[in-house]
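Engineer: Would you mind keeping the following structure in view while I ask a few things?
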Amino acid sequence: AWHKLEPRFGFPFGPELGIARAAPEARLAEVAVGVALIRRWLPGTPLFEAICRVPLVPNCTLAWVQGESDAMALITARQSGANFASLLHALRTRTTCKNPYVIAALGRPNPLMPHLDLVNEALRREADQVLDTSELLLSDQIHYDGPSLTILGEQIGHLHLAKMD
């Protein structure tokens with residue numbers, strides 16, 4: 001089952017196509033927005049409320065591909081770790097996903113994101129698994145191109161399946 005909660009801005013699809021290819025039995029819920037600072041995902045926001053409406057299983061997998069916007073300013077980059085931890089805590093306590101397996105895609109260094117090291121450090125600290133995206137290609141200076149989004153999704157799908165075994 002696939003629950004699409006928000007219209008996608010920019011590229012017409014994300015890693016969900018690769019996830020579906022690698023893990024066809026996975027139930028997917030996509031929540032995607034453009035220019036999404038992590039604070040837009042915290043409890044009390046429309047995006048968190050959208051997540052709460054998805055019928056999640058207790059051992060869900062959260063594929064997190066976000067952080068570029070936070071990495072553009074020092075203040076948001078410094079807050080990203082605490083915000084991500086807060087999001088994960090809320091996911092565990094306010095949804096039916098009590099034991100999320102968190103797979104996070106690390107951001108790629110870029111002059112537009114001078115504080116990406118802080119965001120990536122937070123992802124490494126909070127996620128169960130991180131994916132190195134340095135080999136993926138970009139369609140612009142920030143977003144992955146279509147084939148790279150599919151590859152990223154396949155990597156996420158394989159990690160999800162490995163966790164399920």
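For the structure tokens, the naming scheme is as follows: chains receive sequential letters (A, B, ...) according to their order of presentation, residues are indexed from 1 within each chain, and ligands are indexed from 1 in presentation order.
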Identify all residues of chain A in strand (DSSP E) (DSSP on the backbone) and supply them as a list in words.

Structural biologist: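 Those in chain A that DSSP calls strand (DSSP E) are Trp2, His3, Lys4, Leu28, Ala29, Glu30, Thr61, Leu62, Ala63, Trp64, Tyr101, Val102, Ile103, Ala104, Ala105, Gln129, Val130 and Leu131 of chain A.
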
Engineer: Find the residues around stretch 95-108 of chain A up to 7 Å (only C-alpha atoms counted), leave out those fewer than 2 positions away in its own chain, and share them as a list of chain:residue names.

Structural biologist: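 Close residues of stretch 95-108 of chain A: A:Cys52, A:Leu56, A:Val57, A:Pro58, A:Asn59, A:Cys60, A:Thr61, A:Leu62, A:Ala63, A:Trp64, A:Val65, A:Gly67, A:Glu68, A:Leu91, A:Arg92, A:Thr93, A:Asn110, A:Leu116, A:Asn120, A:Leu123, A:Ala127, A:Asp128, A:Gln129, A:Val130, A:Leu131, A:Asp132, A:Thr133, A:Ser134, A:Ile156.
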
Engineer: Name the residues of stretch 3-92 of chain A that fall into helix (DSSP H, G or I) according to DSSP on the backbone, using the chain letters and numbers of this document, as an mmCIF file with all heavy atoms, in the first residue's frame.

Structural biologist:
data_model
loop_
_atom_site.group_PDB
_atom_site.id
_atom_site.type_symbol
_atom_site.label_atom_id
_atom_site.label_comp_id
_atom_site.auth_asym_id
_atom_site.auth_seq_id
_atom_site.Cartn_x
_atom_site.Cartn_y
_atom_site.Cartn_z
ATOM 1 N N GLU A 16 11.053 6.486 -3.389
ATOM 2 C CA GLU A 16 10.015 5.460 -3.213
ATOM 3 C C GLU A 16 9.965 4.468 -4.364
ATOM 4 O O GLU A 16 9.621 3.297 -4.173
ATOM 5 C CB GLU A 16 8.632 6.093 -2.992
ATOM 6 C CG GLU A 16 8.040 6.804 -4.172
ATOM 7 C CD GLU A 16 8.513 8.244 -4.325
ATOM 8 O OE1 GLU A 16 9.306 8.722 -3.506
ATOM 9 O OE2 GLU A 16 8.062 8.891 -5.286
ATOM 10 N N LEU A 17 10.334 4.881 -5.583
ATOM 11 C CA LEU A 17 10.332 3.935 -6.700
ATOM 12 C C LEU A 17 11.381 2.851 -6.511
ATOM 13 O O LEU A 17 11.132 1.673 -6.760
ATOM 14 C CB LEU A 17 10.558 4.673 -8.023
ATOM 15 C CG LEU A 17 9.448 5.644 -8.428
ATOM 16 C CD1 LEU A 17 9.802 6.329 -9.745
ATOM 17 C CD2 LEU A 17 8.117 4.941 -8.532
ATOM 18 N N GLY A 18 12.560 3.225 -6.052
ATOM 19 C CA GLY A 18 13.600 2.244 -5.774
ATOM 20 C C GLY A 18 13.261 1.362 -4.592
ATOM 21 O O GLY A 18 13.565 0.165 -4.583
ATOM 22 N N ILE A 19 12.632 1.955 -3.570
ATOM 23 C CA ILE A 19 12.213 1.160 -2.412
ATOM 24 C C ILE A 19 11.220 0.095 -2.869
ATOM 25 O O ILE A 19 11.345 -1.085 -2.506
ATOM 26 C CB ILE A 19 11.589 2.042 -1.316
ATOM 27 C CG1 ILE A 19 12.623 3.003 -0.739
ATOM 28 C CG2 ILE A 19 10.976 1.172 -0.214
ATOM 29 C CD1 ILE A 19 12.033 4.069 0.182
ATOM 30 N N ALA A 20 10.257 0.486 -3.693
ATOM 31 C CA ALA A 20 9.246 -0.456 -4.187
ATOM 32 C C ALA A 20 9.887 -1.549 -5.039
ATOM 33 O O ALA A 20 9.446 -2.695 -5.004
ATOM 34 C CB ALA A 20 8.180 0.287 -4.973
ATOM 35 N N ARG A 21 10.918 -1.208 -5.785
ATOM 36 C CA ARG A 21 11.610 -2.205 -6.608
ATOM 37 C C ARG A 21 12.356 -3.205 -5.728
ATOM 38 O O ARG A 21 12.323 -4.406 -5.974
ATOM 39 C CB ARG A 21 12.583 -1.518 -7.561
ATOM 40 C CG ARG A 21 13.306 -2.499 -8.476
ATOM 41 C CD ARG A 21 14.292 -1.806 -9.374
ATOM 42 N NE ARG A 21 13.561 -1.005 -10.349
ATOM 43 C CZ ARG A 21 14.124 -0.079 -11.109
ATOM 44 N NH1 ARG A 21 15.413 0.178 -11.004
ATOM 45 N NH2 ARG A 21 13.412 0.602 -11.974
ATOM 46 N N ALA A 22 13.044 -2.721 -4.697
ATOM 47 C CA ALA A 22 13.849 -3.594 -3.844
ATOM 48 C C ALA A 22 13.011 -4.344 -2.810
ATOM 49 O O ALA A 22 13.348 -5.458 -2.428
ATOM 50 C CB ALA A 22 14.929 -2.779 -3.134
ATOM 51 N N ILE A 38 13.883 20.820 9.199
ATOM 52 C CA ILE A 38 13.415 19.740 10.070
ATOM 53 C C ILE A 38 12.356 20.224 11.055
ATOM 54 O O ILE A 38 11.459 19.467 11.417
ATOM 55 C CB ILE A 38 14.586 19.027 10.775
ATOM 56 C CG1 ILE A 38 14.090 17.710 11.369
ATOM 57 C CG2 ILE A 38 15.236 19.931 11.780
ATOM 58 C CD1 ILE A 38 15.182 16.809 11.859
ATOM 59 N N ARG A 39 12.396 21.467 11.442
ATOM 60 C CA ARG A 39 11.387 21.949 12.395
ATOM 61 C C ARG A 39 9.979 21.872 11.814
ATOM 62 O O ARG A 39 9.004 21.860 12.557
ATOM 63 C CB ARG A 39 11.720 23.353 12.871
ATOM 64 C CG ARG A 39 11.616 24.414 11.819
ATOM 65 C CD ARG A 39 11.920 25.793 12.401
ATOM 66 N NE ARG A 39 11.836 26.790 11.372
ATOM 67 C CZ ARG A 39 12.798 27.631 11.069
ATOM 68 N NH1 ARG A 39 13.929 27.617 11.747
ATOM 69 N NH2 ARG A 39 12.644 28.510 10.121
ATOM 70 N N ARG A 40 9.837 21.791 10.480
ATOM 71 C CA ARG A 40 8.515 21.643 9.854
ATOM 72 C C ARG A 40 7.937 20.245 10.062
ATOM 73 O O ARG A 40 6.776 20.003 9.749
ATOM 74 C CB ARG A 40 8.597 21.944 8.355
ATOM 75 C CG ARG A 40 8.844 23.414 8.068
ATOM 76 C CD ARG A 40 8.763 23.736 6.611
ATOM 77 N NE ARG A 40 7.439 23.441 6.077
ATOM 78 C CZ ARG A 40 7.202 23.266 4.775
ATOM 79 N NH1 ARG A 40 8.178 23.369 3.896
ATOM 80 N NH2 ARG A 40 5.984 22.996 4.363
ATOM 81 N N TRP A 41 8.757 19.308 10.580
ATOM 82 C CA TRP A 41 8.322 17.927 10.787
ATOM 83 C C TRP A 41 8.013 17.624 12.253
ATOM 84 O O TRP A 41 7.605 16.518 12.577
ATOM 85 C CB TRP A 41 9.427 16.969 10.320
ATOM 86 C CG TRP A 41 9.737 17.084 8.873
ATOM 87 C CD1 TRP A 41 10.688 17.873 8.303
ATOM 88 C CD2 TRP A 41 9.092 16.403 7.810
ATOM 89 N NE1 TRP A 41 10.670 17.722 6.951
ATOM 90 C CE2 TRP A 41 9.702 16.814 6.611
ATOM 91 C CE3 TRP A 41 8.054 15.481 7.749
ATOM 92 C CZ2 TRP A 41 9.311 16.344 5.379
ATOM 93 C CZ3 TRP A 41 7.672 14.998 6.514
ATOM 94 C CH2 TRP A 41 8.293 15.435 5.348
ATOM 95 N N PRO A 46 1.749 20.527 10.576
ATOM 96 C CA PRO A 46 0.934 19.747 9.639
ATOM 97 C C PRO A 46 1.653 18.498 9.108
ATOM 98 O O PRO A 46 1.018 17.471 8.881
ATOM 99 C CB PRO A 46 0.648 20.738 8.510
ATOM 100 C CG PRO A 46 0.737 22.087 9.152
ATOM 101 C CD PRO A 46 1.816 21.952 10.192
ATOM 102 N N LEU A 47 2.973 18.569 8.926
ATOM 103 C CA LEU A 47 3.684 17.395 8.423
ATOM 104 C C LEU A 47 3.705 16.266 9.454
ATOM 105 O O LEU A 47 3.521 15.095 9.110
ATOM 106 C CB LEU A 47 5.109 17.761 8.001
ATOM 107 C CG LEU A 47 5.196 18.639 6.752
ATOM 108 C CD1 LEU A 47 6.641 19.025 6.471
ATOM 109 C CD2 LEU A 47 4.593 17.935 5.556
ATOM 110 N N PHE A 48 3.906 16.596 10.720
ATOM 111 C CA PHE A 48 3.864 15.543 11.734
ATOM 112 C C PHE A 48 2.455 14.976 11.845
ATOM 113 O O PHE A 48 2.275 13.757 11.980
ATOM 114 C CB PHE A 48 4.354 16.035 13.098
ATOM 115 C CG PHE A 48 4.453 14.911 14.089
ATOM 116 C CD1 PHE A 48 5.535 14.053 14.052
ATOM 117 C CD2 PHE A 48 3.448 14.692 15.018
ATOM 118 C CE1 PHE A 48 5.615 12.981 14.942
ATOM 119 C CE2 PHE A 48 3.526 13.630 15.909
ATOM 120 C CZ PHE A 48 4.614 12.776 15.871
ATOM 121 N N GLU A 49 1.465 15.819 11.766
ATOM 122 C CA GLU A 49 0.084 15.337 11.820
ATOM 123 C C GLU A 49 -0.217 14.422 10.624
ATOM 124 O O GLU A 49 -0.964 13.446 10.768
ATOM 125 C CB GLU A 49 -0.893 16.509 11.871
ATOM 126 C CG GLU A 49 -0.754 17.345 13.145
ATOM 127 C CD GLU A 49 -0.783 16.513 14.423
ATOM 128 O OE1 GLU A 49 -1.657 15.642 14.556
ATOM 129 O OE2 GLU A 49 0.079 16.747 15.292
ATOM 130 N N ALA A 50 0.379 14.708 9.472
ATOM 131 C CA ALA A 50 0.205 13.832 8.307
ATOM 132 C C ALA A 50 0.811 12.460 8.571
ATOM 133 O O ALA A 50 0.223 11.427 8.229
ATOM 134 C CB ALA A 50 0.838 14.472 7.067
ATOM 135 N N ILE A 51 1.974 12.431 9.214
ATOM 136 C CA ILE A 51 2.591 11.149 9.566
ATOM 137 C C ILE A 51 1.689 10.386 10.531
ATOM 138 O O ILE A 51 1.514 9.176 10.400
ATOM 139 C CB ILE A 51 3.985 11.373 10.196
ATOM 140 C CG1 ILE A 51 4.966 11.932 9.155
ATOM 141 C CG2 ILE A 51 4.537 10.073 10.781
ATOM 142 C CD1 ILE A 51 6.285 12.404 9.740
ATOM 143 N N CYS A 52 1.106 11.078 11.469
ATOM 144 C CA CYS A 52 0.247 10.428 12.463
ATOM 145 C C CYS A 52 -0.990 9.788 11.839
ATOM 146 O O CYS A 52 -1.559 8.856 12.414
ATOM 147 C CB CYS A 52 -0.172 11.428 13.544
ATOM 148 S SG CYS A 52 1.184 11.909 14.637
ATOM 149 N N ASP A 70 18.459 22.661 6.318
ATOM 150 C CA ASP A 70 19.032 22.928 7.635
ATOM 151 C C ASP A 70 20.521 23.248 7.551
ATOM 152 O O ASP A 70 21.040 23.996 8.369
ATOM 153 C CB ASP A 70 18.820 21.725 8.560
ATOM 154 C CG ASP A 70 17.367 21.556 8.940
ATOM 155 O OD1 ASP A 70 16.833 22.441 9.623
ATOM 156 O OD2 ASP A 70 16.768 20.550 8.542
ATOM 157 N N ALA A 71 21.214 22.685 6.568
ATOM 158 C CA ALA A 71 22.663 22.854 6.444
ATOM 159 C C ALA A 71 23.062 24.206 5.862
ATOM 160 O O ALA A 71 24.242 24.544 5.848
ATOM 161 C CB ALA A 71 23.238 21.741 5.582
ATOM 162 N N MET A 72 22.103 24.994 5.440
ATOM 163 C CA MET A 72 22.418 26.286 4.821
ATOM 164 C C MET A 72 22.723 27.370 5.848
ATOM 165 O O MET A 72 23.418 28.323 5.536
ATOM 166 C CB MET A 72 21.280 26.706 3.897
ATOM 167 C CG MET A 72 21.179 25.824 2.683
ATOM 168 S SD MET A 72 19.822 26.352 1.623
ATOM 169 C CE MET A 72 19.908 25.082 0.367
ATOM 170 N N LEU A 74 23.889 28.202 10.022
ATOM 171 C CA LEU A 74 24.504 27.621 11.213
ATOM 172 C C LEU A 74 23.479 27.340 12.306
ATOM 173 O O LEU A 74 23.506 26.284 12.941
ATOM 174 C CB LEU A 74 25.617 28.541 11.729
ATOM 175 C CG LEU A 74 26.396 28.033 12.938
ATOM 176 C CD1 LEU A 74 27.052 26.693 12.647
ATOM 177 C CD2 LEU A 74 27.427 29.067 13.364
ATOM 178 N N ILE A 75 22.545 28.241 12.528
ATOM 179 C CA ILE A 75 21.577 28.056 13.610
ATOM 180 C C ILE A 75 20.702 26.828 13.377
ATOM 181 O O ILE A 75 20.472 26.046 14.304
ATOM 182 C CB ILE A 75 20.723 29.330 13.839
ATOM 183 C CG1 ILE A 75 19.912 29.175 15.123
ATOM 184 C CG2 ILE A 75 19.832 29.631 12.645
ATOM 185 C CD1 ILE A 75 19.315 30.457 15.636
ATOM 186 N N THR A 76 20.227 26.612 12.155
ATOM 187 C CA THR A 76 19.381 25.436 11.900
ATOM 188 C C THR A 76 20.213 24.157 11.881
ATOM 189 O O THR A 76 19.732 23.104 12.295
ATOM 190 C CB THR A 76 18.582 25.598 10.596
ATOM 191 O OG1 THR A 76 19.475 25.913 9.521
ATOM 192 C CG2 THR A 76 17.528 26.687 10.740
ATOM 193 N N ALA A 77 21.456 24.236 11.414
ATOM 194 C CA ALA A 77 22.327 23.062 11.427
ATOM 195 C C ALA A 77 22.612 22.624 12.863
ATOM 196 O O ALA A 77 22.592 21.433 13.173
ATOM 197 C CB ALA A 77 23.626 23.357 10.685
ATOM 198 N N ARG A 78 22.863 23.587 13.739
ATOM 199 C CA ARG A 78 23.125 23.264 15.146
ATOM 200 C C ARG A 78 21.901 22.657 15.827
ATOM 201 O O ARG A 78 22.029 21.847 16.735
ATOM 202 C CB ARG A 78 23.556 24.506 15.909
ATOM 203 C CG ARG A 78 24.982 24.904 15.627
ATOM 204 C CD ARG A 78 25.385 26.076 16.478
ATOM 205 N NE ARG A 78 26.798 26.379 16.302
ATOM 206 C CZ ARG A 78 27.342 27.553 16.560
ATOM 207 N NH1 ARG A 78 26.598 28.546 17.032
ATOM 208 N NH2 ARG A 78 28.621 27.739 16.370
ATOM 209 N N GLN A 79 20.711 23.040 15.404
ATOM 210 C CA GLN A 79 19.472 22.537 15.999
ATOM 211 C C GLN A 79 19.025 21.204 15.399
ATOM 212 O O GLN A 79 18.148 20.552 15.947
ATOM 213 C CB GLN A 79 18.354 23.562 15.807
ATOM 214 C CG GLN A 79 18.579 24.853 16.538
ATOM 215 C CD GLN A 79 17.603 25.943 16.107
ATOM 216 O OE1 GLN A 79 16.949 25.844 15.072
ATOM 217 N NE2 GLN A 79 17.518 26.993 16.909
ATOM 218 N N SER A 80 19.623 20.804 14.293
ATOM 219 C CA SER A 80 19.122 19.637 13.566
ATOM 220 C C SER A 80 19.173 18.356 14.395
ATOM 221 O O SER A 80 18.257 17.542 14.323
ATOM 222 C CB SER A 80 19.845 19.459 12.234
ATOM 223 O OG SER A 80 21.210 19.167 12.425
ATOM 224 N N GLY A 81 20.216 18.154 15.174
ATOM 225 C CA GLY A 81 20.307 16.939 15.980
ATOM 226 C C GLY A 81 19.208 16.855 17.025
ATOM 227 O O GLY A 81 18.537 15.823 17.160
ATOM 228 N N ALA A 82 19.018 17.932 17.777
ATOM 229 C CA ALA A 82 17.966 17.949 18.795
ATOM 230 C C ALA A 82 16.588 17.833 18.145
ATOM 231 O O ALA A 82 15.708 17.135 18.675
ATOM 232 C CB ALA A 82 18.056 19.228 19.628
ATOM 233 N N ASN A 83 16.410 18.479 17.014
ATOM 234 C CA ASN A 83 15.121 18.395 16.322
ATOM 235 C C ASN A 83 14.854 16.984 15.806
ATOM 236 O O ASN A 83 13.731 16.486 15.902
ATOM 237 C CB ASN A 83 15.058 19.401 15.179
ATOM 238 C CG ASN A 83 14.818 20.812 15.667
ATOM 239 O OD1 ASN A 83 14.347 21.030 16.779
ATOM 240 N ND2 ASN A 83 15.154 21.782 14.838
ATOM 241 N N PHE A 84 15.875 16.337 15.257
ATOM 242 C CA PHE A 84 15.694 14.970 14.755
ATOM 243 C C PHE A 84 15.398 14.022 15.913
ATOM 244 O O PHE A 84 14.510 13.169 15.814
ATOM 245 C CB PHE A 84 16.918 14.532 13.953
ATOM 246 C CG PHE A 84 16.690 13.321 13.089
ATOM 247 C CD1 PHE A 84 15.552 13.189 12.315
ATOM 248 C CD2 PHE A 84 17.633 12.316 13.040
ATOM 249 C CE1 PHE A 84 15.346 12.076 11.516
ATOM 250 C CE2 PHE A 84 17.447 11.199 12.240
ATOM 251 C CZ PHE A 84 16.303 11.077 11.480
ATOM 252 N N ALA A 85 16.109 14.173 17.017
ATOM 253 C CA ALA A 85 15.846 13.347 18.199
ATOM 254 C C ALA A 85 14.418 13.572 18.701
ATOM 255 O O ALA A 85 13.727 12.620 19.077
ATOM 256 C CB ALA A 85 16.862 13.661 19.296
ATOM 257 N N SER A 86 13.955 14.813 18.690
ATOM 258 C CA SER A 86 12.596 15.129 19.110
ATOM 259 C C SER A 86 11.571 14.485 18.179
ATOM 260 O O SER A 86 10.561 13.937 18.641
ATOM 261 C CB SER A 86 12.407 16.644 19.136
ATOM 262 O OG SER A 86 11.085 16.978 19.464
ATOM 263 N N LEU A 87 11.831 14.535 16.887
ATOM 264 C CA LEU A 87 10.936 13.896 15.912
ATOM 265 C C LEU A 87 10.860 12.393 16.165
ATOM 266 O O LEU A 87 9.765 11.814 16.192
ATOM 267 C CB LEU A 87 11.411 14.176 14.487
ATOM 268 C CG LEU A 87 10.714 13.379 13.393
ATOM 269 C CD1 LEU A 87 9.247 13.750 13.289
ATOM 270 C CD2 LEU A 87 11.417 13.586 12.064
ATOM 271 N N LEU A 88 11.996 11.759 16.361
ATOM 272 C CA LEU A 88 12.002 10.310 16.581
ATOM 273 C C LEU A 88 11.303 9.947 17.886
ATOM 274 O O LEU A 88 10.561 8.958 17.947
ATOM 275 C CB LEU A 88 13.436 9.780 16.557
ATOM 276 C CG LEU A 88 14.157 9.926 15.218
ATOM 277 C CD1 LEU A 88 15.598 9.443 15.333
ATOM 278 C CD2 LEU A 88 13.420 9.206 14.114
ATOM 279 N N HIS A 89 11.511 10.737 18.930
ATOM 280 C CA HIS A 89 10.819 10.500 20.193
ATOM 281 C C HIS A 89 9.303 10.608 20.004
ATOM 282 O O HIS A 89 8.536 9.766 20.495
ATOM 283 C CB HIS A 89 11.294 11.486 21.267
ATOM 284 C CG HIS A 89 10.556 11.365 22.549
ATOM 285 N ND1 HIS A 89 10.752 10.327 23.427
ATOM 286 C CD2 HIS A 89 9.579 12.141 23.086
ATOM 287 C CE1 HIS A 89 9.940 10.469 24.456
ATOM 288 N NE2 HIS A 89 9.223 11.571 24.275
ATOM 289 N N ALA A 90 8.877 11.635 19.291
ATOM 290 C CA ALA A 90 7.446 11.817 19.044
ATOM 291 C C ALA A 90 6.890 10.681 18.198
ATOM 292 O O ALA A 90 5.765 10.209 18.437
ATOM 293 C CB ALA A 90 7.201 13.164 18.365
ATOM 294 N N LEU A 91 7.655 10.214 17.227
ATOM 295 C CA LEU A 91 7.214 9.087 16.409
ATOM 296 C C LEU A 91 6.979 7.863 17.296
ATOM 297 O O LEU A 91 5.961 7.182 17.163
ATOM 298 C CB LEU A 91 8.268 8.793 15.335
ATOM 299 C CG LEU A 91 7.916 7.762 14.287
ATOM 300 C CD1 LEU A 91 6.776 8.274 13.402
ATOM 301 C CD2 LEU A 91 9.132 7.440 13.438
ATOM 302 N N ARG A 92 7.889 7.621 18.225
ATOM 303 C CA ARG A 92 7.777 6.463 19.128
ATOM 304 C C ARG A 92 6.621 6.594 20.114
ATOM 305 O O ARG A 92 6.014 5.601 20.502
ATOM 306 C CB ARG A 92 9.076 6.290 19.907
ATOM 307 C CG ARG A 92 10.237 5.809 19.085
ATOM 308 C CD ARG A 92 11.508 5.676 19.941
ATOM 309 N NE ARG A 92 12.612 5.293 19.122
ATOM 310 C CZ ARG A 92 13.583 6.120 18.721
ATOM 311 N NH1 ARG A 92 13.575 7.391 19.108
ATOM 312 N NH2 ARG A 92 14.560 5.690 17.955
#

Engineer: Which polymer residues have any atom within 10 Å of an atom of stretch 138-146 of chain A, counting only C-alpha atoms, with same-chain residues fewer than 2 positions away left out, as a list in words?

Structural biologist: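 The neighbour list is Gly10, Phe11, Pro12, Phe13, Gly14, Pro15, Leu17, Glu68, Ser69, Gly107, Arg108, Pro109, Asn110, Pro111, Leu112, Met113, Thr133, Glu135, Leu136, Ser148, Leu149, Thr150, Ile151 and Leu152 of chain A.
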